[in-house]
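Student: To be precise about what I am sending: the file is called data-v1.cif and holds mmCIF, C-alpha atoms.
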```cif
data_model
#
loop_
_atom_site.label_atom_id
_atom_site.label_comp_id
_atom_site.auth_asym_id
_atom_site.auth_seq_id
_atom_site.Cartn_x
_atom_site.Cartn_y
_atom_site.Cartn_z
CA MET A 1413 1.78 64.52 37.90
CA ARG A 1414 2.81 67.37 40.17
CA LEU A 1415 6.38 66.08 40.38
CA ALA A 1416 6.66 65.65 36.60
CA SER A 1417 5.30 69.13 36.15
CA ALA A 1418 7.77 70.58 38.69
CA LEU A 1419 10.65 68.79 36.94
CA ASN A 1420 9.53 69.95 33.48
CA ARG A 1421 9.21 73.53 34.60
CA SER A 1422 12.50 73.60 36.48
CA VAL A 1423 14.31 72.27 33.38
CA ILE A 1424 12.73 75.06 31.31
CA PHE A 1425 13.63 77.72 33.90
CA ALA A 1426 17.18 76.35 34.15
CA LEU A 1427 17.55 76.58 30.36
CA LEU A 1428 16.22 80.14 30.45
CA TRP A 1429 18.69 81.03 33.22
CA VAL A 1430 21.65 79.52 31.35
CA THR A 1431 20.66 81.29 28.11
CA LEU A 1432 20.14 84.66 29.76
CA THR A 1433 23.19 84.68 32.07
CA GLY A 1434 25.66 82.42 30.29
CA GLY A 1435 25.47 80.04 33.27
CA SER A 1436 28.93 80.49 34.75
CA ALA A 1437 29.94 77.97 37.45
CA ASP A 1438 30.44 80.50 40.28
CA ALA A 1439 26.88 81.79 39.82
CA LEU A 1440 25.29 78.33 39.99
CA ILE A 1441 24.04 78.84 43.56
CA TYR A 1442 22.09 81.94 42.52
CA GLY A 1443 20.85 80.20 39.42
CA GLY A 1444 19.68 77.24 41.46
CA LEU A 1445 17.83 79.49 43.89
CA ALA A 1446 16.25 81.48 41.06
CA VAL A 1447 15.14 78.31 39.25
CA ALA A 1448 13.65 76.86 42.46
CA ALA A 1449 11.83 80.11 43.25
CA ALA A 1450 10.52 80.42 39.67
CA THR A 1451 9.28 76.81 39.71
CA LEU A 1452 7.46 77.26 43.04
CA LEU A 1453 5.89 80.52 41.91
CA SER A 1454 4.88 79.00 38.59
CA LEU A 1455 3.22 76.01 40.30
CA ARG A 1456 1.39 78.38 42.62
CA LEU A 1457 0.18 80.69 39.83
CA TYR A 1458 -0.65 77.90 37.36
CA PRO A 1459 -1.08 74.58 39.23
CA ALA A 1460 -0.01 71.31 37.64
CA ASP A 1461 -3.60 70.11 37.19
CA GLN A 1462 -4.36 72.93 34.73
CA PRO A 1463 -4.25 72.23 30.97
CA GLY A 1464 -0.60 72.23 29.90
CA ILE A 1465 1.04 73.60 26.78
CA VAL A 1466 2.72 70.99 24.58
CA LEU A 1467 6.17 72.39 23.82
CA TRP A 1468 6.74 70.80 20.41
CA ARG A 1469 3.45 72.20 19.19
CA VAL A 1470 4.76 75.70 20.02
CA ALA A 1471 7.54 75.08 17.48
CA GLY A 1472 4.91 74.53 14.79
CA PHE A 1473 3.06 77.65 15.95
CA LEU A 1474 6.05 80.02 15.87
CA PRO A 1475 6.62 80.61 12.12
CA ARG A 1476 3.04 81.80 11.61
CA PHE A 1477 3.27 83.89 14.82
CA LEU A 1478 6.46 85.62 13.62
CA ALA A 1479 4.92 86.28 10.19
CA ASP A 1480 1.82 87.72 11.93
CA ALA A 1481 4.00 89.94 14.14
CA PHE A 1482 5.76 91.24 11.02
CA MET A 1483 2.53 91.90 9.11
CA GLY A 1484 0.90 93.45 12.19
CA GLY A 1485 3.75 95.93 12.64
CA LEU A 1486 3.86 96.73 8.94
CA ASP A 1487 0.11 97.33 8.76
CA VAL A 1488 -0.08 99.69 11.73
CA ALA A 1489 3.07 101.59 10.64
CA ARG A 1490 1.56 102.08 7.17
CA ARG A 1491 -1.64 103.46 8.67
CA ALA A 1492 0.22 105.74 11.10
CA LEU A 1493 2.37 107.18 8.29
CA ASP A 1494 -0.45 107.63 5.74
CA PRO A 1495 -1.50 111.32 5.61
CA ARG A 1496 -5.17 110.27 5.18
CA LEU A 1497 -4.96 108.16 8.41
CA PRO A 1498 -6.96 105.21 6.98
CA ILE A 1499 -8.56 103.83 10.14
CA ALA A 1500 -12.17 103.26 11.22
CA PRO A 1501 -11.69 102.04 14.80
CA GLY A 1502 -14.38 100.22 16.74
CA TRP A 1503 -15.11 97.32 19.09
CA VAL A 1504 -16.62 93.93 18.33
CA ARG A 1505 -17.48 91.10 20.75
CA ALA A 1506 -16.15 87.75 19.61
CA GLN A 1507 -17.72 84.51 20.87
CA LEU A 1508 -15.22 81.88 22.00
CA THR A 1509 -15.67 78.11 22.13
CA ASN A 1510 -13.56 77.64 25.28
CA ARG A 1511 -13.77 79.17 28.76
CA ASN A 1512 -10.21 78.48 29.96
CA GLU A 1513 -8.68 81.75 31.15
CA ALA A 1514 -5.07 80.90 30.34
CA ALA A 1515 -6.01 79.98 26.78
CA GLY A 1516 -8.07 83.18 26.59
CA VAL A 1517 -5.17 85.37 27.69
CA LEU A 1518 -2.86 83.62 25.22
CA LEU A 1519 -5.45 84.05 22.45
CA GLY A 1520 -5.74 87.73 23.38
CA GLY A 1521 -1.98 88.11 23.05
CA VAL A 1522 -1.95 86.38 19.66
CA VAL A 1523 -4.92 88.42 18.41
CA SER A 1524 -3.17 91.62 19.52
CA ILE A 1525 -0.16 90.71 17.36
CA LEU A 1526 -2.31 90.20 14.24
CA PRO A 1527 -2.76 93.11 11.80
CA GLY A 1528 -5.58 95.42 12.87
CA SER A 1529 -6.90 93.70 16.01
CA LEU A 1530 -6.29 94.18 19.74
CA ALA A 1531 -7.88 92.11 22.49
CA ALA A 1532 -9.26 93.49 25.76
CA GLY A 1533 -8.68 90.22 27.64
CA PRO A 1534 -11.06 87.25 27.78
CA GLY A 1535 -14.49 87.36 29.42
CA ASP A 1536 -16.74 84.34 29.94
CA ALA A 1537 -16.33 82.56 26.57
CA GLU A 1538 -16.22 85.89 24.82
CA MET A 1539 -13.67 88.56 24.07
CA ASP A 1540 -13.93 92.24 23.28
CA VAL A 1541 -11.68 92.98 20.31
CA HIS A 1542 -10.73 96.45 19.14
CA LEU A 1543 -10.26 96.81 15.38
CA LEU A 1544 -8.43 99.52 13.51
CA ASN A 1545 -10.85 98.98 10.65
CA VAL A 1546 -14.11 97.73 12.08
CA THR A 1547 -15.67 97.34 8.61
CA ARG A 1548 -13.23 94.50 7.91
CA TYR A 1549 -14.11 92.16 10.81
CA ALA A 1550 -14.30 88.45 9.99
CA ALA A 1551 -15.65 86.24 12.79
CA ASP A 1552 -14.34 83.05 11.15
CA GLY A 1553 -10.78 84.42 11.28
CA MET A 1554 -11.14 84.78 15.04
CA GLN A 1555 -12.46 81.22 15.32
CA ALA A 1556 -9.49 79.91 13.35
CA ASP A 1557 -7.12 81.80 15.68
CA GLU A 1558 -8.84 80.28 18.71
CA ARG A 1559 -8.49 76.78 17.21
CA ARG A 1560 -4.77 77.38 16.63
CA VAL A 1561 -4.23 78.57 20.21
CA LEU A 1562 -6.30 75.73 21.74
CA GLY A 1563 -4.23 73.32 19.62
CA LEU A 1564 -1.17 74.27 21.70
CA PHE A 1565 -2.70 72.76 24.84
CA ASP A 1566 -3.01 69.12 25.90
CA ARG A 1567 -6.34 67.29 26.00
CA ARG A 1568 -7.36 68.70 29.39
CA ILE A 1569 -8.28 71.96 27.64
CA ASP A 1570 -11.33 70.21 26.10
CA SER A 1571 -13.13 70.05 29.47
CA HIS A 1572 -13.32 73.87 29.34
CA ASN A 1573 -15.18 73.86 26.02
CA VAL A 1574 -18.48 75.77 26.07
CA ALA A 1575 -20.15 72.78 24.37
CA ASN A 1576 -19.27 70.64 27.43
CA GLY A 1577 -21.10 73.04 29.74
CA MET B 1111 32.39 98.06 5.38
CA SER B 1112 31.38 94.40 5.08
CA TRP B 1113 28.04 92.96 3.97
CA THR B 1114 27.31 92.07 7.58
CA ASP B 1115 27.79 95.69 8.67
CA LEU B 1116 25.46 96.82 5.90
CA ALA B 1117 22.82 94.29 6.95
CA VAL B 1118 23.21 95.41 10.60
CA LEU B 1119 22.75 99.03 9.55
CA ALA B 1120 19.72 98.21 7.39
CA LEU B 1121 18.07 96.22 10.20
CA LEU B 1122 18.80 98.95 12.76
CA GLY B 1123 17.40 101.60 10.42
CA ALA B 1124 14.26 99.57 9.72
CA GLY B 1125 13.81 98.88 13.45
CA LEU B 1126 14.10 102.57 14.32
CA ALA B 1127 11.67 103.43 11.50
CA PHE B 1128 9.07 101.13 13.07
CA TYR B 1129 9.65 102.70 16.50
CA GLY B 1130 9.13 106.09 14.83
CA ALA B 1131 5.93 104.91 13.11
CA GLY B 1132 4.67 103.51 16.43
CA SER B 1133 5.27 106.83 18.17
CA LEU B 1134 3.60 108.68 15.29
CA GLY B 1135 0.59 106.38 15.64
CA LEU B 1136 0.50 107.16 19.36
CA LEU B 1137 0.22 110.85 18.49
CA ARG B 1138 -2.10 110.59 15.49
CA PHE B 1139 -4.59 107.83 16.36
CA PRO B 1140 -7.81 109.14 17.93
CA ASP B 1141 -8.53 106.75 20.85
CA THR B 1142 -6.69 104.82 23.57
CA ALA B 1143 -7.16 101.39 22.00
CA SER B 1144 -6.00 102.51 18.54
CA ARG B 1145 -2.91 104.03 20.14
CA LEU B 1146 -2.22 100.69 21.83
CA HIS B 1147 -2.23 99.04 18.37
CA ALA B 1148 0.51 101.42 17.29
CA LEU B 1149 2.61 100.98 20.42
CA THR B 1150 2.42 97.19 20.74
CA LYS B 1151 2.61 96.07 17.13
CA ALA B 1152 5.03 98.59 15.64
CA ASP B 1153 7.33 98.49 18.67
CA ASN B 1154 7.36 94.68 18.79
CA LEU B 1155 8.51 94.66 15.18
CA GLY B 1156 10.98 97.50 15.79
CA LEU B 1157 12.49 95.69 18.76
CA GLY B 1158 12.62 92.46 16.74
CA LEU B 1159 14.58 94.15 13.95
CA VAL B 1160 16.97 95.90 16.37
CA ALA B 1161 17.45 92.55 18.15
CA LEU B 1162 18.22 90.85 14.82
CA ALA B 1163 20.77 93.58 14.08
CA ALA B 1164 22.41 93.04 17.48
CA ALA B 1165 22.49 89.25 17.01
CA LEU B 1166 24.09 89.66 13.58
CA HIS B 1167 26.58 92.23 14.89
CA TRP B 1168 27.88 89.97 17.67
CA GLY B 1169 27.54 86.90 15.46
CA SER B 1170 27.37 84.32 18.25
CA LEU B 1171 24.64 81.75 18.74
CA ALA B 1172 24.59 82.29 22.51
CA VAL B 1173 24.04 86.02 22.11
CA ALA B 1174 21.41 85.43 19.43
CA ALA B 1175 19.52 83.03 21.73
CA LYS B 1176 19.70 85.53 24.59
CA ILE B 1177 18.40 88.34 22.37
CA ALA B 1178 15.62 86.13 20.99
CA LEU B 1179 14.52 85.41 24.58
CA VAL B 1180 14.60 89.10 25.49
CA TRP B 1181 12.41 89.81 22.45
CA LEU B 1182 10.01 87.01 23.41
CA PHE B 1183 9.70 88.31 27.00
CA ALA B 1184 9.08 91.85 25.72
CA VAL B 1185 6.36 90.54 23.35
CA ILE B 1186 4.73 88.56 26.18
CA ALA B 1187 4.83 91.59 28.50
CA ALA B 1188 3.38 93.81 25.75
CA GLY B 1189 0.68 91.21 25.03
CA ILE B 1190 -0.40 91.14 28.69
CA THR B 1191 -0.20 94.88 29.45
CA SER B 1192 -1.93 95.90 26.22
CA GLN B 1193 -4.84 93.57 27.09
CA LEU B 1194 -5.10 95.12 30.58
CA LEU B 1195 -5.00 98.66 29.19
CA ALA B 1196 -7.44 97.83 26.37
CA ARG B 1197 -9.84 96.30 28.91
CA GLN B 1198 -9.73 99.47 31.00
CA ALA B 1199 -10.19 101.63 27.88
CA ARG B 1200 -13.19 99.47 26.94
CA LEU B 1201 -14.72 99.84 30.41
CA ASP B 1202 -14.12 103.62 30.47
CA GLY B 1203 -15.63 103.92 26.97
CA THR B 1204 -18.76 101.99 27.99
CA ARG B 1205 -19.11 104.04 31.18
CA SER B 1206 -18.77 107.44 29.49
CA HIS B 1207 -21.20 106.31 26.76
CA ARG B 1208 -23.75 105.33 29.43
CA ASP B 1209 -23.29 108.60 31.31
CA GLY B 1210 -23.56 110.62 28.10
CA VAL B 1211 -19.98 111.90 28.37
CA GLN B 1212 -17.80 112.05 25.27
CA PRO B 1213 -14.68 109.87 25.79
#
```
What is this file in structure tokens?
Tutor:
Amino acid sequence: MRLASALNRSVIFALLWVTLTGGSADALIYGGLAVAAATLLSLRLYPADQPGIVLWRVAGFLPRFLADAFMGGLDVARRALDPRLPIAPGWVRAQLTNRNEAAGVLLGGVVSILPGSLAAGPGDAEMDVHLLNVTRYAADGMQADERRVLGLFDRRIDSHNVANG
Amino acid sequence: MSWTDLAVLALLGAGLAFYGAGSLGLLRFPDTASRLHALTKADNLGLGLVALAAALHWGSLAVAAKIALVWLFAVIAAGITSQLLARQARLDGTRSHRDGVQP
């Protein structure tokens, strides 16, 4: 488990290194060291027994994420440029169905990309969300976002569900 | 000037416009968290458009992949830092409300 995880992660880090640097042969030693250090750090920060993200599911997630990022930027730019400044900012507390912190942080990041909402990090199965227009809050939208984010993880994420204690 | 150059110019211009709108939001929005909306979302989109322009300008898949990664890392960093700042803004807001101080 731990070995498979270390291998998986080092392959990903190696691909990142090659993409970012061009991966020339005389820099391989530095690349190797960087990949090894990144893998060790990653295993220390997020141990192999934690719920993992399934890579191919990320591919299915990306188009919607990019569209959200586009709409989010467009929406806030429109509000900033409008002379009437059409915002009614305020906080809401959203209830989550899962306690896993990594999933919570990822959900917060996704929510912060969406038009009009910005997360203040996960709490214990809840999340404070700041809205540019607090009169437009829809709790079921937040639940759908959480389902999409949880869907990126493997089955181990289910043990962190609130319903399971 | 080729069609590619025109597209590069259009993308660059749009990207800069979003950076401008983000900065305007930073100045105009009334509270810390609203300002974070402007900075993270508009700048993510601005950077994305500038990155697209750069990828198109150099026209190589390797450069495009590198730029896409840089964009992704910037979005991840913005997603994490904005949550940390928003959390602090939330805590400060609650505290000043409790103490009867206007934020």
Student: Using only C-alpha atoms, which chain B residues lie at most 10 Å away from chain A, written as an mmCIF file with C-alpha atoms, in the frame of the given file?
Tutor:
```cif
data_model
loop_
_atom_site.group_PDB
_atom_site.id
_atom_site.type_symbol
_atom_site.label_atom_id
_atom_site.label_comp_id
_atom_site.auth_asym_id
_atom_site.auth_seq_id
_atom_site.Cartn_x
_atom_site.Cartn_y
_atom_site.Cartn_z
ATOM 1 C CA ALA B 1127 11.670 103.430 11.500
ATOM 2 C CA PHE B 1128 9.070 101.130 13.070
ATOM 3 C CA TYR B 1129 9.650 102.700 16.500
ATOM 4 C CA GLY B 1130 9.130 106.090 14.830
ATOM 5 C CA ALA B 1131 5.930 104.910 13.110
ATOM 6 C CA GLY B 1132 4.670 103.510 16.430
ATOM 7 C CA SER B 1133 5.270 106.830 18.170
ATOM 8 C CA LEU B 1134 3.600 108.680 15.290
ATOM 9 C CA GLY B 1135 0.590 106.380 15.640
ATOM 10 C CA LEU B 1136 0.500 107.160 19.360
ATOM 11 C CA LEU B 1137 0.220 110.850 18.490
ATOM 12 C CA ARG B 1138 -2.100 110.590 15.490
ATOM 13 C CA PHE B 1139 -4.590 107.830 16.360
ATOM 14 C CA PRO B 1140 -7.810 109.140 17.930
ATOM 15 C CA ASP B 1141 -8.530 106.750 20.850
ATOM 16 C CA ALA B 1143 -7.160 101.390 22.000
ATOM 17 C CA SER B 1144 -6.000 102.510 18.540
ATOM 18 C CA ARG B 1145 -2.910 104.030 20.140
ATOM 19 C CA LEU B 1146 -2.220 100.690 21.830
ATOM 20 C CA HIS B 1147 -2.230 99.040 18.370
ATOM 21 C CA ALA B 1148 0.510 101.420 17.290
ATOM 22 C CA LEU B 1149 2.610 100.980 20.420
ATOM 23 C CA THR B 1150 2.420 97.190 20.740
ATOM 24 C CA LYS B 1151 2.610 96.070 17.130
ATOM 25 C CA ALA B 1152 5.030 98.590 15.640
ATOM 26 C CA ASP B 1153 7.330 98.490 18.670
ATOM 27 C CA ASN B 1154 7.360 94.680 18.790
ATOM 28 C CA LEU B 1155 8.510 94.660 15.180
ATOM 29 C CA GLY B 1156 10.980 97.500 15.790
ATOM 30 C CA GLY B 1158 12.620 92.460 16.740
ATOM 31 C CA LEU B 1159 14.580 94.150 13.950
ATOM 32 C CA ALA B 1172 24.590 82.290 22.510
ATOM 33 C CA VAL B 1173 24.040 86.020 22.110
ATOM 34 C CA ALA B 1174 21.410 85.430 19.430
ATOM 35 C CA ALA B 1175 19.520 83.030 21.730
ATOM 36 C CA LYS B 1176 19.700 85.530 24.590
ATOM 37 C CA ILE B 1177 18.400 88.340 22.370
ATOM 38 C CA ALA B 1178 15.620 86.130 20.990
ATOM 39 C CA LEU B 1179 14.520 85.410 24.580
ATOM 40 C CA VAL B 1180 14.600 89.100 25.490
ATOM 41 C CA VAL B 1185 6.360 90.540 23.350
ATOM 42 C CA ILE B 1186 4.730 88.560 26.180
ATOM 43 C CA ALA B 1187 4.830 91.590 28.500
ATOM 44 C CA ALA B 1188 3.380 93.810 25.750
ATOM 45 C CA GLY B 1189 0.680 91.210 25.030
ATOM 46 C CA ILE B 1190 -0.400 91.140 28.690
ATOM 47 C CA THR B 1191 -0.200 94.880 29.450
ATOM 48 C CA SER B 1192 -1.930 95.900 26.220
ATOM 49 C CA GLN B 1193 -4.840 93.570 27.090
ATOM 50 C CA LEU B 1194 -5.100 95.120 30.580
ATOM 51 C CA LEU B 1195 -5.000 98.660 29.190
ATOM 52 C CA ALA B 1196 -7.440 97.830 26.370
ATOM 53 C CA ARG B 1197 -9.840 96.300 28.910
ATOM 54 C CA GLN B 1198 -9.730 99.470 31.000
ATOM 55 C CA ALA B 1199 -10.190 101.630 27.880
ATOM 56 C CA ARG B 1200 -13.190 99.470 26.940
ATOM 57 C CA LEU B 1201 -14.720 99.840 30.410
#
```
Student: Between A:Val1574, A:Leu1508, A:Ala1537, A:Ala1437, which has the minimum distance to A:Gly1553 (counting all atoms listed in the file)?
Tutor: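 Of all the options, A:Leu1508 lies closest to A:Gly1553.
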Student: For the atom pair atom CA of A:Arg1505 and atom CA of A:Ala1551, what is the interatomic distance in Å to one decimal place?
Tutor: 9.5 Å
Student: Between atom CA of A:Pro1498 and atom CA of B:Ala1184, what distance in Å does the model show, to one decimal?
Tutor: 28.1 Å
Student: I need the residue nearest B:Leu1157 from this list: B:Gly1125, B:Thr1142, B:Met1111, B:Leu1182. Use all atoms listed in the file for the distance.
Tutor: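 That would be B:Gly1125, the residue with the smallest distance to B:Leu1157.
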Student: Just give me the gap between atom CA of A:Ala1514 and atom CA of A:Ala1450 in Å, one decimal is fine.
Tutor: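 Atom CA of A:Ala1450 lies at a distance of 18.2 Å from atom CA of A:Ala1514.
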Student: Please expand the PyMOL selection byres ((chain A and resi 1560-1565) around 9) into the concrete residues it hits in this file, giving the result as a list in words.
Tutor: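 Selected by the PyMOL selection byres ((chain A and resi 1560-1565) around 9) here: Pro1463, Gly1464, Ile1465, Val1466, Leu1467, Trp1468, Arg1469, Val1470, Phe1473, Asn1510, Ala1515, Gly1516, Leu1518, Leu1519, Val1522, Gln1555, Ala1556, Asp1557, Glu1558, Arg1559, Asp1566, Arg1567, Arg1568, Ile1569 and Asp1570 of chain A.
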Student: Starting from the shown file, work through the PyMOL selection byres ((chain B and resi 1118) around 12) and note down what comes out as a PyMOL selection string.
Tutor: chain B and resi 1111-1117+1119-1125+1159-1169
Student: Start from the incomplete input, build all heavy atoms for stretch 1509-1520 of chain A, and deliver everything as a compact mmCIF listing (two decimals), in the coordinates of the input.
Tutor:
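Output below, filename out_15.txt:
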```txt
# COMPACT_ATOMS: atom_id res chain seq x y z
N THR A 1509 -15.13 79.45 21.91
CA THR A 1509 -15.67 78.11 22.13
C THR A 1509 -15.14 77.50 23.42
O THR A 1509 -15.52 76.41 23.80
CB THR A 1509 -15.31 77.16 20.97
OG1 THR A 1509 -13.88 77.03 20.94
CG2 THR A 1509 -15.77 77.72 19.63
N ASN A 1510 -14.20 78.21 24.09
CA ASN A 1510 -13.56 77.64 25.28
C ASN A 1510 -13.49 78.68 26.38
O ASN A 1510 -13.25 79.86 26.12
CB ASN A 1510 -12.15 77.15 24.90
CG ASN A 1510 -11.53 76.28 25.97
OD1 ASN A 1510 -11.15 76.78 27.02
ND2 ASN A 1510 -11.43 74.99 25.71
N ARG A 1511 -13.70 78.24 27.64
CA ARG A 1511 -13.77 79.17 28.76
C ARG A 1511 -12.45 79.30 29.50
O ARG A 1511 -12.34 80.14 30.40
CB ARG A 1511 -14.79 78.67 29.79
CG ARG A 1511 -16.20 78.84 29.37
CD ARG A 1511 -17.11 78.93 30.59
NE ARG A 1511 -18.40 79.42 30.18
CZ ARG A 1511 -19.36 78.63 29.74
NH1 ARG A 1511 -19.17 77.33 29.68
NH2 ARG A 1511 -20.51 79.13 29.35
N ASN A 1512 -11.45 78.47 29.19
CA ASN A 1512 -10.21 78.48 29.96
C ASN A 1512 -9.53 79.85 29.90
O ASN A 1512 -9.32 80.40 28.82
CB ASN A 1512 -9.27 77.40 29.43
CG ASN A 1512 -8.01 77.31 30.24
OD1 ASN A 1512 -7.04 78.01 29.96
ND2 ASN A 1512 -8.03 76.51 31.28
N GLU A 1513 -9.20 80.38 31.09
CA GLU A 1513 -8.68 81.75 31.15
C GLU A 1513 -7.27 81.85 30.57
O GLU A 1513 -6.94 82.83 29.90
CB GLU A 1513 -8.69 82.25 32.59
CG GLU A 1513 -10.07 82.69 33.03
CD GLU A 1513 -10.02 83.44 34.34
OE1 GLU A 1513 -9.02 83.29 35.07
OE2 GLU A 1513 -10.99 84.17 34.62
N ALA A 1514 -6.44 80.85 30.85
CA ALA A 1514 -5.07 80.90 30.34
C ALA A 1514 -5.07 80.90 28.82
O ALA A 1514 -4.36 81.68 28.17
CB ALA A 1514 -4.27 79.71 30.87
N ALA A 1515 -5.92 80.03 28.24
CA ALA A 1515 -6.01 79.98 26.78
C ALA A 1515 -6.55 81.30 26.25
O ALA A 1515 -6.11 81.79 25.21
CB ALA A 1515 -6.92 78.82 26.35
N GLY A 1516 -7.50 81.90 27.00
CA GLY A 1516 -8.07 83.18 26.59
C GLY A 1516 -7.03 84.29 26.57
O GLY A 1516 -6.97 85.09 25.64
N VAL A 1517 -6.20 84.33 27.62
CA VAL A 1517 -5.17 85.37 27.69
C VAL A 1517 -4.16 85.18 26.56
O VAL A 1517 -3.74 86.14 25.91
CB VAL A 1517 -4.46 85.34 29.07
CG1 VAL A 1517 -3.24 86.24 29.06
CG2 VAL A 1517 -5.42 85.77 30.17
N LEU A 1518 -3.79 83.91 26.31
CA LEU A 1518 -2.86 83.62 25.22
C LEU A 1518 -3.48 84.01 23.87
O LEU A 1518 -2.82 84.66 23.03
CB LEU A 1518 -2.50 82.13 25.24
CG LEU A 1518 -1.39 81.68 24.31
CD1 LEU A 1518 -0.11 82.45 24.60
CD2 LEU A 1518 -1.13 80.18 24.47
N LEU A 1519 -4.76 83.67 23.69
CA LEU A 1519 -5.45 84.05 22.45
C LEU A 1519 -5.46 85.56 22.30
O LEU A 1519 -5.21 86.10 21.21
CB LEU A 1519 -6.89 83.49 22.46
CG LEU A 1519 -7.77 83.93 21.29
CD1 LEU A 1519 -7.23 83.37 19.98
CD2 LEU A 1519 -9.22 83.48 21.49
N GLY A 1520 -5.74 86.27 23.42
CA GLY A 1520 -5.74 87.73 23.38
C GLY A 1520 -4.40 88.28 22.93
O GLY A 1520 -4.32 89.21 22.13
```
